[in-house]
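**Student:** Dropping in work.cif, with mmCIF, N, CA and C atoms.
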data_input
#
loop_
_atom_site.label_atom_id
_atom_site.label_comp_id
_atom_site.auth_asym_id
_atom_site.auth_seq_id
_atom_site.Cartn_x
_atom_site.Cartn_y
_atom_site.Cartn_z
N MET I 1 0.84 -1.18 0.00
CA MET I 1 0.00 0.00 0.00
C MET I 1 0.89 1.25 0.00
N THR I 2 0.59 2.15 -0.89
CA THR I 2 1.31 3.42 -0.93
C THR I 2 0.55 4.42 -0.08
N LEU I 3 1.24 4.99 0.87
CA LEU I 3 0.60 5.97 1.74
C LEU I 3 0.46 7.30 1.02
N PRO I 4 -0.62 8.04 1.28
CA PRO I 4 -0.76 9.36 0.68
C PRO I 4 0.27 10.32 1.27
N THR I 5 0.43 11.42 0.61
CA THR I 5 1.43 12.41 1.00
C THR I 5 0.91 13.32 2.11
N GLU I 6 1.73 13.50 3.13
CA GLU I 6 1.33 14.37 4.24
C GLU I 6 1.03 15.77 3.73
N GLY I 7 -0.06 16.34 4.23
CA GLY I 7 -0.44 17.70 3.87
C GLY I 7 -1.34 17.78 2.65
N LYS I 8 -1.47 16.69 1.91
CA LYS I 8 -2.34 16.69 0.72
C LYS I 8 -3.79 16.45 1.16
N TRP I 9 -4.70 16.81 0.30
CA TRP I 9 -6.13 16.65 0.55
C TRP I 9 -6.66 15.48 -0.26
N LEU I 10 -7.59 14.72 0.34
CA LEU I 10 -8.21 13.56 -0.30
C LEU I 10 -9.73 13.72 -0.28
N ALA I 11 -10.38 12.93 -1.13
CA ALA I 11 -11.84 12.85 -1.14
C ALA I 11 -12.24 11.43 -0.77
N SER I 12 -13.44 11.30 -0.22
CA SER I 12 -13.93 9.98 0.17
C SER I 12 -15.45 9.93 0.07
N SER I 13 -15.96 8.77 -0.27
CA SER I 13 -17.42 8.57 -0.25
C SER I 13 -17.86 8.00 1.09
N ASP I 14 -16.89 7.70 1.93
CA ASP I 14 -17.14 7.10 3.24
C ASP I 14 -16.19 7.76 4.23
N GLU I 15 -16.72 8.37 5.25
CA GLU I 15 -15.91 9.14 6.20
C GLU I 15 -14.82 8.31 6.87
N GLU I 16 -14.93 6.99 6.85
CA GLU I 16 -13.97 6.13 7.54
C GLU I 16 -12.87 5.59 6.64
N HIS I 17 -13.07 5.57 5.32
CA HIS I 17 -12.11 4.95 4.40
C HIS I 17 -11.66 5.97 3.37
N TRP I 18 -10.37 6.20 3.31
CA TRP I 18 -9.81 7.25 2.45
C TRP I 18 -8.90 6.62 1.41
N ASP I 19 -9.49 6.14 0.33
CA ASP I 19 -8.69 5.43 -0.66
C ASP I 19 -8.98 5.86 -2.09
N CYS I 20 -9.32 7.12 -2.31
CA CYS I 20 -9.68 7.54 -3.66
C CYS I 20 -8.47 7.56 -4.60
N GLY I 21 -7.26 7.69 -4.08
CA GLY I 21 -6.07 7.66 -4.91
C GLY I 21 -5.66 9.01 -5.47
N GLU I 22 -6.53 9.97 -5.52
CA GLU I 22 -6.20 11.31 -6.01
C GLU I 22 -5.80 12.19 -4.83
N GLU I 23 -4.73 12.95 -5.00
CA GLU I 23 -4.27 13.87 -3.96
C GLU I 23 -4.33 15.29 -4.51
N PHE I 24 -4.63 16.24 -3.63
CA PHE I 24 -4.74 17.63 -4.04
C PHE I 24 -3.96 18.53 -3.09
N ASP I 25 -3.43 19.60 -3.66
CA ASP I 25 -2.64 20.54 -2.87
C ASP I 25 -3.51 21.41 -1.97
N THR I 26 -4.73 21.68 -2.40
CA THR I 26 -5.59 22.58 -1.63
C THR I 26 -6.93 21.94 -1.32
N LYS I 27 -7.55 22.48 -0.30
CA LYS I 27 -8.88 22.04 0.12
C LYS I 27 -9.89 22.31 -1.00
N ASP I 28 -9.77 23.46 -1.64
CA ASP I 28 -10.71 23.82 -2.71
C ASP I 28 -10.63 22.85 -3.88
N GLU I 29 -9.41 22.48 -4.28
CA GLU I 29 -9.26 21.51 -5.37
C GLU I 29 -9.92 20.18 -5.01
N ALA I 30 -9.71 19.74 -3.78
CA ALA I 30 -10.31 18.47 -3.33
C ALA I 30 -11.83 18.57 -3.32
N ALA I 31 -12.36 19.71 -2.89
CA ALA I 31 -13.81 19.89 -2.82
C ALA I 31 -14.44 19.84 -4.22
N VAL I 32 -13.83 20.53 -5.18
CA VAL I 32 -14.36 20.52 -6.55
C VAL I 32 -14.35 19.10 -7.10
N TYR I 33 -13.27 18.40 -6.90
CA TYR I 33 -13.17 17.02 -7.37
C TYR I 33 -14.19 16.13 -6.66
N ALA I 34 -14.33 16.29 -5.35
CA ALA I 34 -15.21 15.42 -4.56
C ALA I 34 -16.66 15.50 -5.00
N VAL I 35 -17.17 16.70 -5.22
CA VAL I 35 -18.59 16.84 -5.56
C VAL I 35 -18.84 16.69 -7.06
N GLY I 36 -17.78 16.60 -7.84
CA GLY I 36 -17.91 16.45 -9.28
C GLY I 36 -17.53 15.08 -9.76
N GLU I 37 -16.34 14.99 -10.33
CA GLU I 37 -15.85 13.75 -10.93
C GLU I 37 -15.86 12.57 -9.95
N PHE I 38 -15.40 12.80 -8.73
CA PHE I 38 -15.34 11.72 -7.74
C PHE I 38 -16.74 11.17 -7.45
N ALA I 39 -17.70 12.06 -7.16
CA ALA I 39 -19.06 11.62 -6.84
C ALA I 39 -19.64 10.78 -7.97
N LYS I 40 -19.46 11.23 -9.20
CA LYS I 40 -19.97 10.47 -10.35
C LYS I 40 -19.29 9.11 -10.45
N ASP I 41 -17.96 9.10 -10.37
CA ASP I 41 -17.19 7.85 -10.52
C ASP I 41 -17.53 6.83 -9.44
N TYR I 42 -17.82 7.31 -8.25
CA TYR I 42 -18.10 6.40 -7.13
C TYR I 42 -19.59 6.19 -6.90
N GLY I 43 -20.42 6.70 -7.80
CA GLY I 43 -21.86 6.47 -7.72
C GLY I 43 -22.53 7.15 -6.54
N VAL I 44 -22.01 8.29 -6.13
CA VAL I 44 -22.63 9.04 -5.04
C VAL I 44 -23.71 9.92 -5.65
N GLU I 45 -24.94 9.68 -5.28
CA GLU I 45 -26.07 10.38 -5.88
C GLU I 45 -26.16 11.81 -5.38
N PRO I 46 -26.70 12.71 -6.23
CA PRO I 46 -26.93 14.09 -5.78
C PRO I 46 -27.75 14.11 -4.49
N GLY I 47 -27.41 15.02 -3.62
CA GLY I 47 -28.07 15.12 -2.31
C GLY I 47 -27.39 14.31 -1.23
N ARG I 48 -26.55 13.36 -1.61
CA ARG I 48 -25.78 12.57 -0.63
C ARG I 48 -24.50 13.31 -0.31
N ARG I 49 -23.75 12.78 0.65
CA ARG I 49 -22.53 13.45 1.11
C ARG I 49 -21.26 12.75 0.64
N VAL I 50 -20.23 13.56 0.44
CA VAL I 50 -18.86 13.10 0.24
C VAL I 50 -18.02 13.86 1.25
N TRP I 51 -16.82 13.40 1.47
CA TRP I 51 -15.95 14.02 2.48
C TRP I 51 -14.63 14.39 1.86
N ILE I 52 -14.03 15.43 2.42
CA ILE I 52 -12.66 15.80 2.08
C ILE I 52 -11.90 15.92 3.40
N GLY I 53 -10.60 15.70 3.34
CA GLY I 53 -9.78 15.81 4.53
C GLY I 53 -8.31 15.88 4.16
N ARG I 54 -7.51 16.37 5.11
CA ARG I 54 -6.08 16.54 4.89
C ARG I 54 -5.30 15.42 5.57
N VAL I 55 -4.32 14.88 4.85
CA VAL I 55 -3.51 13.76 5.34
C VAL I 55 -2.54 14.25 6.43
N GLU I 56 -2.53 13.50 7.52
CA GLU I 56 -1.59 13.76 8.62
C GLU I 56 -0.82 12.47 8.84
N SER I 57 0.48 12.52 8.64
CA SER I 57 1.31 11.34 8.80
C SER I 57 1.37 10.94 10.27
N LEU I 58 1.36 9.66 10.52
CA LEU I 58 1.55 9.14 11.88
C LEU I 58 2.96 8.58 12.05
N ASP I 59 3.77 8.75 11.04
CA ASP I 59 5.11 8.17 11.06
C ASP I 59 6.14 9.21 11.48
N LYS I 60 5.92 9.82 12.62
CA LYS I 60 6.86 10.79 13.16
C LYS I 60 7.43 10.16 14.43
N PRO I 61 8.66 9.71 14.39
CA PRO I 61 9.21 8.96 15.52
C PRO I 61 9.07 9.65 16.88
N LEU I 62 9.27 10.94 16.96
CA LEU I 62 9.17 11.61 18.26
C LEU I 62 7.72 11.61 18.76
N ASP I 63 6.75 11.79 17.84
CA ASP I 63 5.34 11.72 18.24
C ASP I 63 4.97 10.31 18.69
N LEU I 64 5.47 9.32 17.97
CA LEU I 64 5.20 7.93 18.36
C LEU I 64 5.81 7.64 19.73
N ALA I 65 7.02 8.12 19.94
CA ALA I 65 7.69 7.90 21.22
C ALA I 65 6.90 8.54 22.35
N ALA I 66 6.35 9.72 22.11
CA ALA I 66 5.56 10.40 23.14
C ALA I 66 4.33 9.58 23.51
N SER I 67 3.75 8.90 22.53
CA SER I 67 2.57 8.10 22.83
C SER I 67 2.93 6.76 23.46
N MET I 68 4.18 6.34 23.32
CA MET I 68 4.62 5.05 23.85
C MET I 68 5.08 5.13 25.30
N PHE I 69 5.47 6.30 25.75
CA PHE I 69 6.07 6.40 27.07
C PHE I 69 5.38 7.48 27.89
N ASP I 70 5.00 7.12 29.09
CA ASP I 70 4.40 8.06 30.03
C ASP I 70 5.16 7.94 31.34
N LEU I 71 5.83 9.00 31.75
CA LEU I 71 6.68 8.97 32.94
C LEU I 71 5.87 8.68 34.20
N ASP I 72 4.67 9.23 34.31
CA ASP I 72 3.85 8.95 35.49
C ASP I 72 3.59 7.45 35.64
N ASP I 73 3.27 6.80 34.51
CA ASP I 73 3.06 5.34 34.55
C ASP I 73 4.34 4.61 34.94
N ALA I 74 5.47 5.06 34.40
CA ALA I 74 6.75 4.41 34.70
C ALA I 74 7.09 4.53 36.18
N LEU I 75 6.88 5.72 36.76
CA LEU I 75 7.17 5.90 38.19
C LEU I 75 6.23 5.08 39.05
N GLU I 76 4.97 4.98 38.64
CA GLU I 76 4.02 4.16 39.39
C GLU I 76 4.42 2.69 39.35
N LYS I 77 4.83 2.21 38.18
CA LYS I 77 5.27 0.82 38.05
C LYS I 77 6.54 0.57 38.87
N LEU I 78 7.43 1.55 38.89
CA LEU I 78 8.64 1.43 39.72
C LEU I 78 8.25 1.28 41.18
N GLY I 79 7.32 2.09 41.65
CA GLY I 79 6.85 2.00 43.03
C GLY I 79 6.25 0.64 43.34
N GLU I 80 5.44 0.12 42.41
CA GLU I 80 4.82 -1.20 42.60
C GLU I 80 5.88 -2.30 42.65
N ALA I 81 6.88 -2.21 41.77
CA ALA I 81 7.94 -3.23 41.74
C ALA I 81 8.75 -3.19 43.03
N LEU I 82 9.07 -2.00 43.49
CA LEU I 82 9.83 -1.87 44.74
C LEU I 82 9.03 -2.39 45.92
N PHE I 83 7.73 -2.10 45.95
CA PHE I 83 6.89 -2.57 47.04
C PHE I 83 6.83 -4.10 47.05
N GLU I 84 6.72 -4.71 45.84
CA GLU I 84 6.69 -6.18 45.76
C GLU I 84 7.98 -6.79 46.26
N GLN I 85 9.09 -6.14 46.00
CA GLN I 85 10.39 -6.68 46.40
C GLN I 85 10.77 -6.36 47.84
N CYS I 86 10.37 -5.17 48.31
CA CYS I 86 10.84 -4.73 49.62
C CYS I 86 9.72 -4.47 50.63
N GLY I 87 8.49 -4.58 50.20
CA GLY I 87 7.38 -4.33 51.12
C GLY I 87 7.27 -2.86 51.48
N GLU I 88 6.75 -2.62 52.69
CA GLU I 88 6.51 -1.24 53.13
C GLU I 88 7.78 -0.42 53.25
N ALA I 89 8.93 -1.05 53.34
CA ALA I 89 10.19 -0.31 53.43
C ALA I 89 10.45 0.51 52.16
N ALA I 90 9.80 0.14 51.06
CA ALA I 90 10.01 0.84 49.78
C ALA I 90 9.00 1.95 49.55
N GLU I 91 8.16 2.22 50.54
CA GLU I 91 7.08 3.19 50.35
C GLU I 91 7.56 4.55 49.86
N ASP I 92 8.68 5.05 50.35
CA ASP I 92 9.19 6.35 49.93
C ASP I 92 10.42 6.22 49.04
N ALA I 93 10.61 5.06 48.43
CA ALA I 93 11.82 4.82 47.64
C ALA I 93 11.78 5.45 46.25
N VAL I 94 10.58 5.68 45.71
CA VAL I 94 10.48 6.29 44.38
C VAL I 94 10.89 7.76 44.50
N PRO I 95 11.85 8.18 43.69
CA PRO I 95 12.33 9.55 43.81
C PRO I 95 11.26 10.58 43.43
N THR I 96 11.31 11.71 44.12
CA THR I 96 10.45 12.83 43.78
C THR I 96 11.22 13.69 42.80
N LEU I 97 10.59 14.04 41.70
CA LEU I 97 11.27 14.82 40.67
C LEU I 97 10.73 16.24 40.64
N SER I 98 11.65 17.18 40.45
CA SER I 98 11.21 18.56 40.24
C SER I 98 10.60 18.64 38.84
N LYS I 99 9.92 19.72 38.55
CA LYS I 99 9.31 19.87 37.23
C LYS I 99 10.38 19.80 36.14
N ARG I 100 11.52 20.46 36.35
CA ARG I 100 12.61 20.44 35.37
C ARG I 100 13.16 19.03 35.19
N GLU I 101 13.37 18.30 36.30
CA GLU I 101 13.87 16.93 36.21
C GLU I 101 12.88 16.03 35.48
N TYR I 102 11.61 16.21 35.80
CA TYR I 102 10.55 15.42 35.18
C TYR I 102 10.56 15.62 33.66
N GLU I 103 10.54 16.88 33.24
CA GLU I 103 10.52 17.20 31.81
C GLU I 103 11.80 16.73 31.12
N ASP I 104 12.94 16.88 31.77
CA ASP I 104 14.21 16.45 31.21
C ASP I 104 14.25 14.94 31.03
N PHE I 105 13.81 14.20 32.06
CA PHE I 105 13.80 12.75 32.00
C PHE I 105 12.88 12.27 30.89
N GLU I 106 11.69 12.83 30.85
CA GLU I 106 10.70 12.43 29.84
C GLU I 106 11.23 12.71 28.43
N THR I 107 11.85 13.87 28.23
CA THR I 107 12.40 14.21 26.92
C THR I 107 13.51 13.23 26.53
N HIS I 108 14.41 12.92 27.45
CA HIS I 108 15.50 11.98 27.13
C HIS I 108 14.98 10.60 26.74
N VAL I 109 13.98 10.11 27.46
CA VAL I 109 13.45 8.79 27.13
C VAL I 109 12.76 8.81 25.77
N ARG I 110 11.97 9.84 25.51
CA ARG I 110 11.28 9.93 24.22
C ARG I 110 12.26 10.05 23.07
N VAL I 111 13.31 10.83 23.24
CA VAL I 111 14.33 10.96 22.19
C VAL I 111 15.02 9.61 21.97
N ALA I 112 15.30 8.89 23.06
CA ALA I 112 15.93 7.57 22.92
C ALA I 112 15.03 6.61 22.14
N ILE I 113 13.73 6.62 22.42
CA ILE I 113 12.79 5.76 21.69
C ILE I 113 12.75 6.16 20.22
N ALA I 114 12.63 7.45 19.95
CA ALA I 114 12.58 7.94 18.57
C ALA I 114 13.86 7.59 17.81
N THR I 115 15.00 7.72 18.47
CA THR I 115 16.29 7.38 17.85
C THR I 115 16.33 5.90 17.50
N TRP I 116 15.85 5.06 18.39
CA TRP I 116 15.82 3.62 18.13
C TRP I 116 14.89 3.30 16.96
N LEU I 117 13.70 3.93 16.93
CA LEU I 117 12.76 3.70 15.82
C LEU I 117 13.41 4.05 14.49
N ARG I 118 14.08 5.20 14.43
CA ARG I 118 14.75 5.63 13.19
C ARG I 118 15.89 4.67 12.84
N ALA I 119 16.72 4.34 13.81
CA ALA I 119 17.90 3.50 13.56
C ALA I 119 17.51 2.11 13.09
N ASN I 120 16.37 1.63 13.51
CA ASN I 120 15.93 0.29 13.14
C ASN I 120 14.87 0.29 12.04
N ASP I 121 14.71 1.45 11.41
CA ASP I 121 13.83 1.59 10.26
C ASP I 121 12.40 1.10 10.56
N LYS I 122 11.89 1.48 11.72
CA LYS I 122 10.54 1.11 12.12
C LYS I 122 9.58 2.23 11.71
N HIS I 123 8.61 1.90 10.88
CA HIS I 123 7.67 2.88 10.37
C HIS I 123 6.24 2.42 10.59
N VAL I 124 5.36 3.37 10.67
CA VAL I 124 3.94 3.09 10.79
C VAL I 124 3.33 3.17 9.40
N GLU I 125 2.60 2.16 9.01
CA GLU I 125 2.00 2.12 7.68
C GLU I 125 0.53 2.53 7.74
N CYS I 126 0.28 3.71 8.29
CA CYS I 126 -1.08 4.24 8.30
C CYS I 126 -1.00 5.76 8.40
N PHE I 127 -2.15 6.39 8.28
CA PHE I 127 -2.19 7.84 8.33
C PHE I 127 -3.51 8.27 8.94
N ALA I 128 -3.56 9.51 9.35
CA ALA I 128 -4.79 10.08 9.90
C ALA I 128 -5.29 11.14 8.92
N ILE I 129 -6.56 11.44 9.02
CA ILE I 129 -7.16 12.49 8.22
C ILE I 129 -7.65 13.57 9.18
N GLU I 130 -7.18 14.77 8.96
CA GLU I 130 -7.56 15.92 9.80
C GLU I 130 -8.39 16.89 8.97
N HIS I 131 -9.04 17.81 9.66
CA HIS I 131 -9.81 18.87 9.01
C HIS I 131 -10.87 18.29 8.05
N VAL I 132 -11.56 17.26 8.50
CA VAL I 132 -12.56 16.59 7.69
C VAL I 132 -13.81 17.47 7.56
N GLU I 133 -14.31 17.55 6.34
CA GLU I 133 -15.54 18.28 6.07
C GLU I 133 -16.41 17.44 5.15
N SER I 134 -17.71 17.50 5.36
CA SER I 134 -18.61 16.80 4.45
C SER I 134 -19.23 17.83 3.51
N LEU I 135 -19.50 17.37 2.30
CA LEU I 135 -20.07 18.23 1.26
C LEU I 135 -21.25 17.50 0.64
N VAL I 136 -22.30 18.24 0.33
CA VAL I 136 -23.46 17.66 -0.33
C VAL I 136 -23.21 17.70 -1.83
N VAL I 137 -23.44 16.57 -2.48
CA VAL I 137 -23.26 16.48 -3.93
C VAL I 137 -24.42 17.20 -4.60
N PRO I 138 -24.12 18.20 -5.44
CA PRO I 138 -25.19 18.91 -6.14
C PRO I 138 -25.73 18.07 -7.29
N PRO I 139 -26.84 18.50 -7.88
CA PRO I 139 -27.33 17.77 -9.06
C PRO I 139 -26.26 17.73 -10.16
N TYR I 140 -26.16 16.61 -10.83
CA TYR I 140 -25.17 16.47 -11.89
C TYR I 140 -25.56 17.36 -13.06
N GLU I 141 -24.54 17.97 -13.68
CA GLU I 141 -24.76 18.75 -14.88
C GLU I 141 -24.91 17.80 -16.05
N GLU I 142 -25.76 18.15 -16.97
CA GLU I 142 -25.94 17.34 -18.17
C GLU I 142 -24.70 17.46 -19.03
N ASP I 143 -24.24 16.33 -19.57
CA ASP I 143 -23.06 16.36 -20.45
C ASP I 143 -23.42 16.84 -21.83
#
Turn the structure described in the file into structure tokens.
**Tutor:**
Amino acid sequence: MTLPTEGKWLASSDEEHWDCGEEFDTKDEAAVYAVGEFAKDYGVEPGRRVWIGRVESLDKPLDLAASMFDLDDALEKLGEALFEQCGEAAEDAVPTLSKREYEDFETHVRVAIATWLRANDKHVECFAIEHVESLVVPPYEED
């Protein structure tokens, strides 16, 4: 499957599936295509809806890393592991982090994850559609 280009606009006859194959530089170009040629080609009757939306890549390693790691969860798991191993003696063993330390630690871990994803050529084979709008197909013009 060839992924669409980030930032391009697509048309769809179904708000959930974006596979028309045509990409457009602007929202207006996509809208004209969607209610015209696309609607006819895909059998979308006048008065029904078509959708347009802009492609947003999900293959950004730093964004993926941010969604993969949550420092609050990691510190909670550390506390649970220490409690299992040491009992109540570990109750205050999890370090308290200042805001700067927290942000610094989280940034370092996310950068490490992103670096590993890039170094090992790990990519996401999907995309999101943002700025989705529905358009009503007007009556077809006579040829």
**Student:** Which is closer to Trp51 in chain I than all the others in I:Ala66, I:Val132, I:Leu78, I:Val94, using only C-alpha atoms?
**Tutor:**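 For Trp51 in chain I, the nearest of the candidates is I:Val132.
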**Student:** With distances taken over only C-alpha atoms, which of I:Ala65, I:Ser13, I:Gly7, I:Ala39 is nearest to His108 in chain I?
**Tutor:**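 Smallest distance to His108 in chain I is found for I:Ala65.
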**Student:** What is the atom N of Lys60 in chain I-CA of Glu130 in chain I distance in Å, reported with one decimal?
**Tutor:** 15.1 Å
**Student:** Pick out the closest residue to Ala31 in chain I from this set: I:Gly53, I:Val109, I:Gly87, I:Gly79. Count only N, CA and C atoms.
**Tutor:** I:Gly53
**Student:** Exactly which residues make up the result of the PyMOL selection byres (((chain I and resi 141 and name CA) around 12) and name CA) on this file, given as a PyMOL selection string?
**Tutor:** chain I and resi 35-37+40+46+137-140+142-143
**Student:** Report, in Å with one decimal, the straight-line distance from CA of Phe69 in chain I to CA of Ala93 in chain I.
**Tutor:**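 Computing it gives 21.4 Å between the two atoms.
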**Student:** May I ask for the distance between CA of Tyr42 in chain I and CA of Glu125 in chain I, given in Å to one decimal place?
**Tutor:** 25.3 Å
**Student:** How would you write, as JSON, numbers by chain, the residues chosen by the PyMOL selection byres (((chain I and resi 100-105 and name CA) around 12) and name CA) on this structure?
**Tutor:** {"I": [69, 70, 71, 72, 74, 75, 95, 96, 97, 98, 99, 106, 107, 108, 109, 110, 111, 112]}
